[in-house]
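Below: the structure, in structure tokens.
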Amino acid sequence: SSVLQDMIRLQRATGMRPGEVCIVRPCDLDRSGEVWTFRPHRHKLEHKGLDRTVYVGPAGQAVLLKYLPREPTAYCFSPRESLAESWASRREARKSLVRPSQVCRTKARPKRTAGDRYETGSYATAIKRAALRADKQAHREQPEADAEKRLVPDWSPNQLRHLAATRIRAEFGLEAAAAILGHTNVST
């Protein structure tokens, strides 16, 4: 979904932890400067009395702009929105006519509903499922490839943080990477 794609783009651009990208809200963003700052309302090291500031440059700002016109305390990345987008695209791609009994098939009281934000586990699961679907698509496009071999490797959201750290370290040095990622010790 485009919501999941934007979460990945934001995490890759900023080096956020998966748990931080899941809880971005407009009220936690300071958009007054050229580089925006995001102060999560909760984070990994708050129990040690440390503050966490994520710097959001132009690439991250471009991702976030379409999620800002909402309630200030609402989470930017919602599984509900992602699911609604998925249902709408399936409905548009449908080749047969929609029967009157199938116009609205929502249950009155479903046992499970999509949440108002992604959890770190559901974010990782969504990425894993997308990688599996991409692998199946790659195998359909390359039928001569070994069916047992993964053409699209499995990966996790934490790898995006490591990718950002590697990119920042190569361009600006170790201290800059530690500062941007919020590490208190350079050896981390």
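Labels used: A, B, ... for chains in the order of the structure tokens, numbers from 1 for residues in each chain, and numbers from 1 for ligands as shown.
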
Contacts of Gly60 of chain A at 10 Å (only C-alpha atoms; same-chain gap of 6+ positions) as a PyMOL selection string: chain A and resi 6-7+9-14+35-36

Next, write the just-selected residues to a file, as a tab-separated table (two decimals), in the first residue's frame, keeping all heavy atoms as the atom set.
chain	number	residue	atom	x	y	z
A	6	ASP	N	5.22	4.75	2.12
A	6	ASP	CA	5.64	6.02	2.72
A	6	ASP	C	6.33	5.82	4.06
A	6	ASP	O	7.27	6.54	4.40
A	6	ASP	CB	4.44	6.96	2.86
A	6	ASP	CG	4.00	7.52	1.51
A	6	ASP	OD1	4.81	7.52	0.56
A	6	ASP	OD2	2.84	7.96	1.41
A	7	MET	N	5.89	4.85	4.83
A	7	MET	CA	6.57	4.54	6.10
A	7	MET	C	8.01	4.11	5.81
A	7	MET	O	8.96	4.54	6.49
A	7	MET	CB	5.83	3.44	6.85
A	7	MET	CG	4.50	3.85	7.42
A	7	MET	SD	3.59	2.49	8.17
A	7	MET	CE	4.51	2.28	9.70
A	9	ARG	N	9.81	4.83	3.11
A	9	ARG	CA	10.57	5.99	2.61
A	9	ARG	C	10.99	6.91	3.75
A	9	ARG	O	12.12	7.40	3.78
A	9	ARG	CB	9.72	6.76	1.61
A	9	ARG	CG	9.59	6.10	0.27
A	9	ARG	CD	8.87	7.02	-0.73
A	9	ARG	NE	8.55	6.26	-1.91
A	9	ARG	CZ	7.34	5.81	-2.22
A	9	ARG	NH1	6.31	6.06	-1.43
A	9	ARG	NH2	7.15	5.11	-3.31
A	10	LEU	N	10.08	7.14	4.69
A	10	LEU	CA	10.40	8.02	5.82
A	10	LEU	C	11.48	7.40	6.70
A	10	LEU	O	12.42	8.09	7.10
A	10	LEU	CB	9.14	8.31	6.64
A	10	LEU	CG	9.34	9.22	7.85
A	10	LEU	CD1	9.79	10.61	7.40
A	10	LEU	CD2	8.07	9.31	8.67
A	11	GLN	N	11.35	6.14	6.98
A	11	GLN	CA	12.34	5.48	7.83
A	11	GLN	C	13.70	5.47	7.16
A	11	GLN	O	14.73	5.68	7.80
A	11	GLN	CB	11.90	4.07	8.18
A	11	GLN	CG	12.75	3.45	9.27
A	11	GLN	CD	12.33	2.05	9.63
A	11	GLN	OE1	11.40	1.49	9.07
A	11	GLN	NE2	13.04	1.47	10.57
A	12	ARG	N	13.72	5.23	5.87
A	12	ARG	CA	14.99	5.21	5.13
A	12	ARG	C	15.64	6.60	5.10
A	12	ARG	O	16.84	6.73	5.20
A	12	ARG	CB	14.74	4.71	3.71
A	12	ARG	CG	15.99	4.56	2.92
A	12	ARG	CD	15.73	3.87	1.60
A	12	ARG	NE	16.99	3.67	0.93
A	12	ARG	CZ	17.20	3.98	-0.34
A	12	ARG	NH1	16.23	4.47	-1.06
A	12	ARG	NH2	18.38	3.78	-0.87
A	13	ALA	N	14.82	7.63	4.98
A	13	ALA	CA	15.35	9.00	4.90
A	13	ALA	C	15.85	9.52	6.23
A	13	ALA	O	16.79	10.30	6.28
A	13	ALA	CB	14.27	9.93	4.35
A	14	THR	N	15.22	9.07	7.33
A	14	THR	CA	15.54	9.66	8.64
A	14	THR	C	16.34	8.74	9.56
A	14	THR	O	16.93	9.22	10.52
A	14	THR	CB	14.25	10.05	9.37
A	14	THR	OG1	13.47	8.87	9.57
A	14	THR	CG2	13.47	11.09	8.60
A	35	VAL	N	14.91	22.27	8.51
A	35	VAL	CA	14.88	20.84	8.84
A	35	VAL	C	13.88	20.67	9.98
A	35	VAL	O	13.99	21.31	11.02
A	35	VAL	CB	16.28	20.35	9.28
A	35	VAL	CG1	16.22	18.91	9.74
A	35	VAL	CG2	17.28	20.51	8.15
A	36	TRP	N	12.89	19.84	9.75
A	36	TRP	CA	11.88	19.60	10.77
A	36	TRP	C	12.45	18.69	11.86
A	36	TRP	O	13.38	17.93	11.63
A	36	TRP	CB	10.66	18.91	10.18
A	36	TRP	CG	9.92	19.71	9.17
A	36	TRP	CD1	10.13	21.00	8.79
A	36	TRP	CD2	8.81	19.25	8.39
A	36	TRP	NE1	9.24	21.38	7.83
A	36	TRP	CE2	8.42	20.32	7.55
A	36	TRP	CE3	8.14	18.05	8.31
A	36	TRP	CZ2	7.37	20.22	6.66
A	36	TRP	CZ3	7.09	17.94	7.41
A	36	TRP	CH2	6.70	19.02	6.60

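Taking only segment 13-177 of chain A, the residues that DSSP calls strand (DSSP E) from the backbone come to Leu29, Asp30, Trp36, Thr37, Phe38, Val54, Tyr55 and Val56 of chain A.
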
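Atom to atom, atom CA of Ala145 of chain A and atom CA of Leu160 of chain A stand 27.6 Å apart.
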
Shell around Arg129 of chain A at 12 Å using only C-alpha atoms, local window under 5 positions removed, as a PyMOL selection string: chain A and resi 1+4+122-124+134-136+152-156

Let's have the selection written as an mmCIF file, in the first residue's frame, with all heavy atoms.
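Output file again_35.cif follows:
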data_model
loop_
_atom_site.group_PDB
_atom_site.id
_atom_site.type_symbol
_atom_site.label_atom_id
_atom_site.label_comp_id
_atom_site.auth_asym_id
_atom_site.auth_seq_id
_atom_site.Cartn_x
_atom_site.Cartn_y
_atom_site.Cartn_z
ATOM 1 N N SER A 1 0.841 -1.184 0.000
ATOM 2 C CA SER A 1 0.000 0.000 0.000
ATOM 3 C C SER A 1 0.884 1.244 0.000
ATOM 4 O O SER A 1 2.055 1.197 0.380
ATOM 5 C CB SER A 1 -0.914 0.008 1.219
ATOM 6 O OG SER A 1 -0.169 0.234 2.386
ATOM 7 N N LEU A 4 2.262 2.016 3.554
ATOM 8 C CA LEU A 4 3.445 1.238 3.908
ATOM 9 C C LEU A 4 4.670 1.737 3.147
ATOM 10 O O LEU A 4 5.763 1.858 3.715
ATOM 11 C CB LEU A 4 3.197 -0.248 3.635
ATOM 12 C CG LEU A 4 4.284 -1.205 4.093
ATOM 13 C CD1 LEU A 4 4.431 -1.163 5.605
ATOM 14 C CD2 LEU A 4 3.971 -2.614 3.641
ATOM 15 N N SER A 122 3.194 -5.450 13.413
ATOM 16 C CA SER A 122 2.345 -5.432 12.215
ATOM 17 C C SER A 122 3.059 -4.743 11.052
ATOM 18 O O SER A 122 2.864 -5.117 9.891
ATOM 19 C CB SER A 122 1.003 -4.758 12.506
ATOM 20 O OG SER A 122 1.176 -3.424 12.919
ATOM 21 N N TYR A 123 3.898 -3.765 11.350
ATOM 22 C CA TYR A 123 4.717 -3.098 10.324
ATOM 23 C C TYR A 123 5.686 -4.101 9.708
ATOM 24 O O TYR A 123 5.789 -4.222 8.484
ATOM 25 C CB TYR A 123 5.444 -1.921 10.971
ATOM 26 C CG TYR A 123 6.391 -1.135 10.101
ATOM 27 C CD1 TYR A 123 6.089 -0.822 8.785
ATOM 28 C CD2 TYR A 123 7.591 -0.673 10.624
ATOM 29 C CE1 TYR A 123 6.961 -0.070 8.012
ATOM 30 C CE2 TYR A 123 8.467 0.085 9.862
ATOM 31 C CZ TYR A 123 8.150 0.376 8.565
ATOM 32 O OH TYR A 123 9.021 1.120 7.800
ATOM 33 N N ALA A 124 6.371 -4.871 10.551
ATOM 34 C CA ALA A 124 7.310 -5.887 10.063
ATOM 35 C C ALA A 124 6.584 -6.976 9.272
ATOM 36 O O ALA A 124 7.065 -7.429 8.228
ATOM 37 C CB ALA A 124 8.082 -6.499 11.230
ATOM 38 N N ALA A 134 6.078 -9.768 -3.804
ATOM 39 C CA ALA A 134 7.024 -9.328 -4.831
ATOM 40 C C ALA A 134 7.835 -10.505 -5.363
ATOM 41 O O ALA A 134 8.130 -10.581 -6.559
ATOM 42 C CB ALA A 134 7.948 -8.253 -4.263
ATOM 43 N N ASP A 135 8.181 -11.446 -4.481
ATOM 44 C CA ASP A 135 8.920 -12.638 -4.909
ATOM 45 C C ASP A 135 8.063 -13.493 -5.839
ATOM 46 O O ASP A 135 8.545 -13.979 -6.864
ATOM 47 C CB ASP A 135 9.371 -13.444 -3.691
ATOM 48 C CG ASP A 135 10.273 -14.597 -4.073
ATOM 49 O OD1 ASP A 135 11.347 -14.341 -4.651
ATOM 50 O OD2 ASP A 135 9.889 -15.755 -3.806
ATOM 51 N N LYS A 136 6.788 -13.677 -5.501
ATOM 52 C CA LYS A 136 5.889 -14.443 -6.368
ATOM 53 C C LYS A 136 5.736 -13.771 -7.726
ATOM 54 O O LYS A 136 5.737 -14.434 -8.761
ATOM 55 C CB LYS A 136 4.517 -14.610 -5.704
ATOM 56 C CG LYS A 136 4.516 -15.585 -4.559
ATOM 57 C CD LYS A 136 3.141 -15.688 -3.930
ATOM 58 C CE LYS A 136 3.186 -16.617 -2.719
ATOM 59 N NZ LYS A 136 1.877 -16.692 -2.059
ATOM 60 N N VAL A 152 13.348 -12.095 -4.475
ATOM 61 C CA VAL A 152 13.227 -10.898 -3.634
ATOM 62 C C VAL A 152 13.483 -11.353 -2.206
ATOM 63 O O VAL A 152 12.681 -12.077 -1.626
ATOM 64 C CB VAL A 152 11.834 -10.254 -3.757
ATOM 65 C CG1 VAL A 152 11.713 -9.059 -2.828
ATOM 66 C CG2 VAL A 152 11.544 -9.859 -5.192
ATOM 67 N N PRO A 153 14.604 -10.945 -1.628
ATOM 68 C CA PRO A 153 14.936 -11.440 -0.283
ATOM 69 C C PRO A 153 14.006 -10.881 0.792
ATOM 70 O O PRO A 153 13.421 -9.805 0.642
ATOM 71 C CB PRO A 153 16.363 -10.939 -0.072
ATOM 72 C CG PRO A 153 16.510 -9.785 -0.997
ATOM 73 C CD PRO A 153 15.608 -10.044 -2.162
ATOM 74 N N ASP A 154 13.889 -11.628 1.868
ATOM 75 C CA ASP A 154 13.137 -11.219 3.038
ATOM 76 C C ASP A 154 13.959 -10.156 3.765
ATOM 77 O O ASP A 154 15.182 -10.260 3.838
ATOM 78 C CB ASP A 154 12.929 -12.443 3.938
ATOM 79 C CG ASP A 154 11.646 -12.363 4.718
ATOM 80 O OD1 ASP A 154 10.863 -11.434 4.478
ATOM 81 O OD2 ASP A 154 11.440 -13.242 5.558
ATOM 82 N N TRP A 155 13.325 -9.149 4.313
ATOM 83 C CA TRP A 155 14.047 -8.125 5.069
ATOM 84 C C TRP A 155 13.145 -7.545 6.142
ATOM 85 O O TRP A 155 11.947 -7.785 6.159
ATOM 86 C CB TRP A 155 14.606 -7.041 4.153
ATOM 87 C CG TRP A 155 13.582 -6.318 3.328
ATOM 88 C CD1 TRP A 155 13.024 -6.739 2.166
ATOM 89 C CD2 TRP A 155 12.985 -5.055 3.624
ATOM 90 N NE1 TRP A 155 12.122 -5.809 1.715
ATOM 91 C CE2 TRP A 155 12.080 -4.756 2.583
ATOM 92 C CE3 TRP A 155 13.128 -4.140 4.663
ATOM 93 C CZ2 TRP A 155 11.337 -3.599 2.556
ATOM 94 C CZ3 TRP A 155 12.379 -2.974 4.629
ATOM 95 C CH2 TRP A 155 11.497 -2.719 3.578
ATOM 96 N N SER A 156 13.746 -6.785 7.051
ATOM 97 C CA SER A 156 12.995 -6.239 8.179
ATOM 98 C C SER A 156 13.164 -4.722 8.242
ATOM 99 O O SER A 156 14.115 -4.171 7.685
ATOM 100 C CB SER A 156 13.472 -6.867 9.489
ATOM 101 O OG SER A 156 14.743 -6.365 9.814
#

Using only C-alpha atoms: which of A:Arg112, A:His183, A:Arg91, A:Lys128 has the shortest distance to Val54 of chain A: A:His183

Polymer residues at most 9 Å from Thr166 of chain A, only C-alpha atoms, same-chain spacing of 5 or more positions, as a ChimeraX atom specification: /A:161,171,177

Residue subset to file, keeping N, CA, C and O atoms, as a PDB file, in the first residue's frame:
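This went into selection_3.pdb:
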ATOM      1  N   ARG A 161      17.051   1.262   9.133  1.00  0.00           N
ATOM      2  CA  ARG A 161      17.826   2.093  10.062  1.00  0.00           C
ATOM      3  C   ARG A 161      19.316   1.874   9.862  1.00  0.00           C
ATOM      4  O   ARG A 161      20.096   2.807   9.827  1.00  0.00           O
ATOM      5  N   GLU A 171      28.980   9.411   4.290  1.00  0.00           N
ATOM      6  CA  GLU A 171      28.988  10.778   3.791  1.00  0.00           C
ATOM      7  C   GLU A 171      29.485  11.798   4.806  1.00  0.00           C
ATOM      8  O   GLU A 171      30.205  12.730   4.447  1.00  0.00           O
ATOM      9  N   ALA A 177      26.635  10.168  12.216  1.00  0.00           N
ATOM     10  CA  ALA A 177      25.695   9.041  12.185  1.00  0.00           C
ATOM     11  C   ALA A 177      25.173   8.756  13.589  1.00  0.00           C
ATOM     12  O   ALA A 177      23.975   8.531  13.777  1.00  0.00           O
TER      13      ALA A 177
END

Residue with smallest distance to Leu83 of chain A - pool A:Val56, A:Leu65, A:Val3, A:Leu29, counting only C-alpha atoms: A:Val3

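The space between atom CA of Tyr118 of chain A and atom CA of Glu81 of chain A spans 10.8 Å.
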
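For the set A:Arg150, A:Arg52, A:Lys44, A:Arg109, the residue with the smallest atom-to-atom gap to Leu181 of chain A is A:Arg52, counting only C-alpha atoms.
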
Expected answer as a PyMOL selection string: helix (DSSP H, G or I) residues in segment 37-164 of chain A: chain A and resi 46-48+58-67+79-93+100-102+120-141+158-164

Mind checking which residues fall within 10 Å of Asp28 of chain A, counting only C-alpha atoms, ignoring those fewer than 5 positions away in the same chain, and posting them as a short mmCIF file (atom, residue, chain, number, x, y, z; two decimals) with C-alpha atoms, in the first residue's frame?
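Final file, out34.cif:
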data_model
loop_
_atom_site.label_atom_id
_atom_site.label_comp_id
_atom_site.auth_asym_id
_atom_site.auth_seq_id
_atom_site.Cartn_x
_atom_site.Cartn_y
_atom_site.Cartn_z
CA ILE A 23 3.90 6.73 16.12
CA THR A 37 12.27 17.88 14.12
CA PHE A 38 10.19 15.01 15.40
CA ARG A 39 10.08 14.33 19.13
CA PRO A 40 8.24 11.04 19.72
CA HIS A 41 5.83 11.05 22.65
CA PRO A 72 -2.98 16.80 15.42
CA THR A 73 -3.02 13.80 17.79
CA TYR A 75 -1.23 8.94 13.89
#

If we count only C-alpha atoms and set the cut-off at 10 Å, which residues sit around His162 of chain A, ignoring sequence neighbours fewer than 4 positions away in its own chain? Please answer as a PDB file with N, CA, C and O atoms, in the first residue's frame.
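Result went into result.pdb, see below:
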ATOM      1  N   ARG A  12      13.723   5.234   5.870  1.00  0.00           N
ATOM      2  CA  ARG A  12      14.994   5.211   5.127  1.00  0.00           C
ATOM      3  C   ARG A  12      15.643   6.597   5.098  1.00  0.00           C
ATOM      4  O   ARG A  12      16.844   6.733   5.201  1.00  0.00           O
ATOM      5  N   GLY A  15      16.304   7.441   9.332  1.00  0.00           N
ATOM      6  CA  GLY A  15      16.971   6.516  10.233  1.00  0.00           C
ATOM      7  C   GLY A  15      16.190   6.265  11.508  1.00  0.00           C
ATOM      8  O   GLY A  15      16.743   5.820  12.512  1.00  0.00           O
ATOM      9  N   MET A  16      14.892   6.515  11.495  1.00  0.00           N
ATOM     10  CA  MET A  16      14.049   6.259  12.675  1.00  0.00           C
ATOM     11  C   MET A  16      14.037   4.773  13.012  1.00  0.00           C
ATOM     12  O   MET A  16      14.225   3.932  12.141  1.00  0.00           O
ATOM     13  N   ARG A  17      13.774   4.488  14.264  1.00  0.00           N
ATOM     14  CA  ARG A  17      13.494   3.108  14.657  1.00  0.00           C
ATOM     15  C   ARG A  17      12.101   2.742  14.143  1.00  0.00           C
ATOM     16  O   ARG A  17      11.261   3.630  13.972  1.00  0.00           O
ATOM     17  N   PRO A 157      12.271  -4.027   8.953  1.00  0.00           N
ATOM     18  CA  PRO A 157      12.364  -2.570   9.048  1.00  0.00           C
ATOM     19  C   PRO A 157      13.647  -2.080   9.720  1.00  0.00           C
ATOM     20  O   PRO A 157      14.114  -0.979   9.426  1.00  0.00           O
ATOM     21  N   ASN A 158      14.217  -2.884  10.606  1.00  0.00           N
ATOM     22  CA  ASN A 158      15.465  -2.454  11.251  1.00  0.00           C
ATOM     23  C   ASN A 158      16.598  -2.294  10.248  1.00  0.00           C
ATOM     24  O   ASN A 158      17.521  -1.516  10.473  1.00  0.00           O
ATOM     25  N   THR A 166      24.604   3.565   7.658  1.00  0.00           N
ATOM     26  CA  THR A 166      25.737   3.333   6.756  1.00  0.00           C
ATOM     27  C   THR A 166      25.895   4.492   5.784  1.00  0.00           C
ATOM     28  O   THR A 166      27.009   4.968   5.541  1.00  0.00           O
ATOM     29  N   ARG A 167      24.785   4.966   5.238  1.00  0.00           N
ATOM     30  CA  ARG A 167      24.820   6.080   4.280  1.00  0.00           C
ATOM     31  C   ARG A 167      25.317   7.359   4.955  1.00  0.00           C
ATOM     32  O   ARG A 167      26.178   8.063   4.410  1.00  0.00           O
ATOM     33  N   ILE A 168      24.826   7.663   6.142  1.00  0.00           N
ATOM     34  CA  ILE A 168      25.233   8.878   6.856  1.00  0.00           C
ATOM     35  C   ILE A 168      26.696   8.790   7.264  1.00  0.00           C
ATOM     36  O   ILE A 168      27.450   9.759   7.131  1.00  0.00           O
ATOM     37  N   LEU A 181      21.164   9.264  14.566  1.00  0.00           N
ATOM     38  CA  LEU A 181      20.413   8.081  14.971  1.00  0.00           C
ATOM     39  C   LEU A 181      20.059   8.082  16.450  1.00  0.00           C
ATOM     40  O   LEU A 181      19.335   7.207  16.915  1.00  0.00           O
TER      41      LEU A 181
END

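Omitting Gly121 of chain A and its sequence neighbours fewer than 4 positions away, and counting only C-alpha atoms, the residues within 10 Å are Pro18, Gly19, Thr125, Ala126, Ile127 and Pro157 of chain A.
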
Could you write out that same residue set with all heavy atoms as a JSON list (two decimals), in the first residue's frame?
[["chain", "number", "residue", "atom", "x", "y", "z"],
["A", 18, "PRO", "N", 11.83, 1.46, 13.92],
["A", 18, "PRO", "CA", 10.49, 1.08, 13.47],
["A", 18, "PRO", "C", 9.38, 1.56, 14.40],
["A", 18, "PRO", "O", 8.32, 2.00, 13.95],
["A", 18, "PRO", "CB", 10.56, -0.45, 13.42],
["A", 18, "PRO", "CG", 11.99, -0.76, 13.22],
["A", 18, "PRO", "CD", 12.74, 0.32, 13.95],
["A", 19, "GLY", "N", 9.61, 1.50, 15.70],
["A", 19, "GLY", "CA", 8.62, 1.97, 16.65],
["A", 19, "GLY", "C", 8.36, 3.46, 16.57],
["A", 19, "GLY", "O", 7.27, 3.93, 16.87],
["A", 125, "THR", "N", 5.42, -7.38, 9.75],
["A", 125, "THR", "CA", 4.64, -8.40, 9.05],
["A", 125, "THR", "C", 4.18, -7.90, 7.68],
["A", 125, "THR", "O", 4.22, -8.64, 6.69],
["A", 125, "THR", "CB", 3.42, -8.82, 9.89],
["A", 125, "THR", "OG1", 3.89, -9.34, 11.14],
["A", 125, "THR", "CG2", 2.58, -9.86, 9.19],
["A", 126, "ALA", "N", 3.76, -6.64, 7.61],
["A", 126, "ALA", "CA", 3.33, -6.07, 6.33],
["A", 126, "ALA", "C", 4.48, -6.05, 5.33],
["A", 126, "ALA", "O", 4.29, -6.35, 4.14],
["A", 126, "ALA", "CB", 2.78, -4.67, 6.55],
["A", 127, "ILE", "N", 5.69, -5.73, 5.80],
["A", 127, "ILE", "CA", 6.86, -5.73, 4.92],
["A", 127, "ILE", "C", 7.18, -7.15, 4.47],
["A", 127, "ILE", "O", 7.46, -7.39, 3.29],
["A", 127, "ILE", "CB", 8.07, -5.09, 5.64],
["A", 127, "ILE", "CG1", 7.86, -3.58, 5.74],
["A", 127, "ILE", "CG2", 9.37, -5.41, 4.91],
["A", 127, "ILE", "CD1", 8.90, -2.86, 6.55],
["A", 157, "PRO", "N", 12.27, -4.03, 8.95],
["A", 157, "PRO", "CA", 12.36, -2.57, 9.05],
["A", 157, "PRO", "C", 13.65, -2.08, 9.72],
["A", 157, "PRO", "O", 14.11, -0.98, 9.43],
["A", 157, "PRO", "CB", 11.15, -2.18, 9.88],
["A", 157, "PRO", "CG", 10.26, -3.34, 9.92],
["A", 157, "PRO", "CD", 11.06, -4.54, 9.58]]

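Remark: for Ala130 of chain A, the closest of the candidate residues A:Leu163, A:Lys48, A:Val21, A:Ser2 is A:Ser2 (distances computed over only C-alpha atoms).
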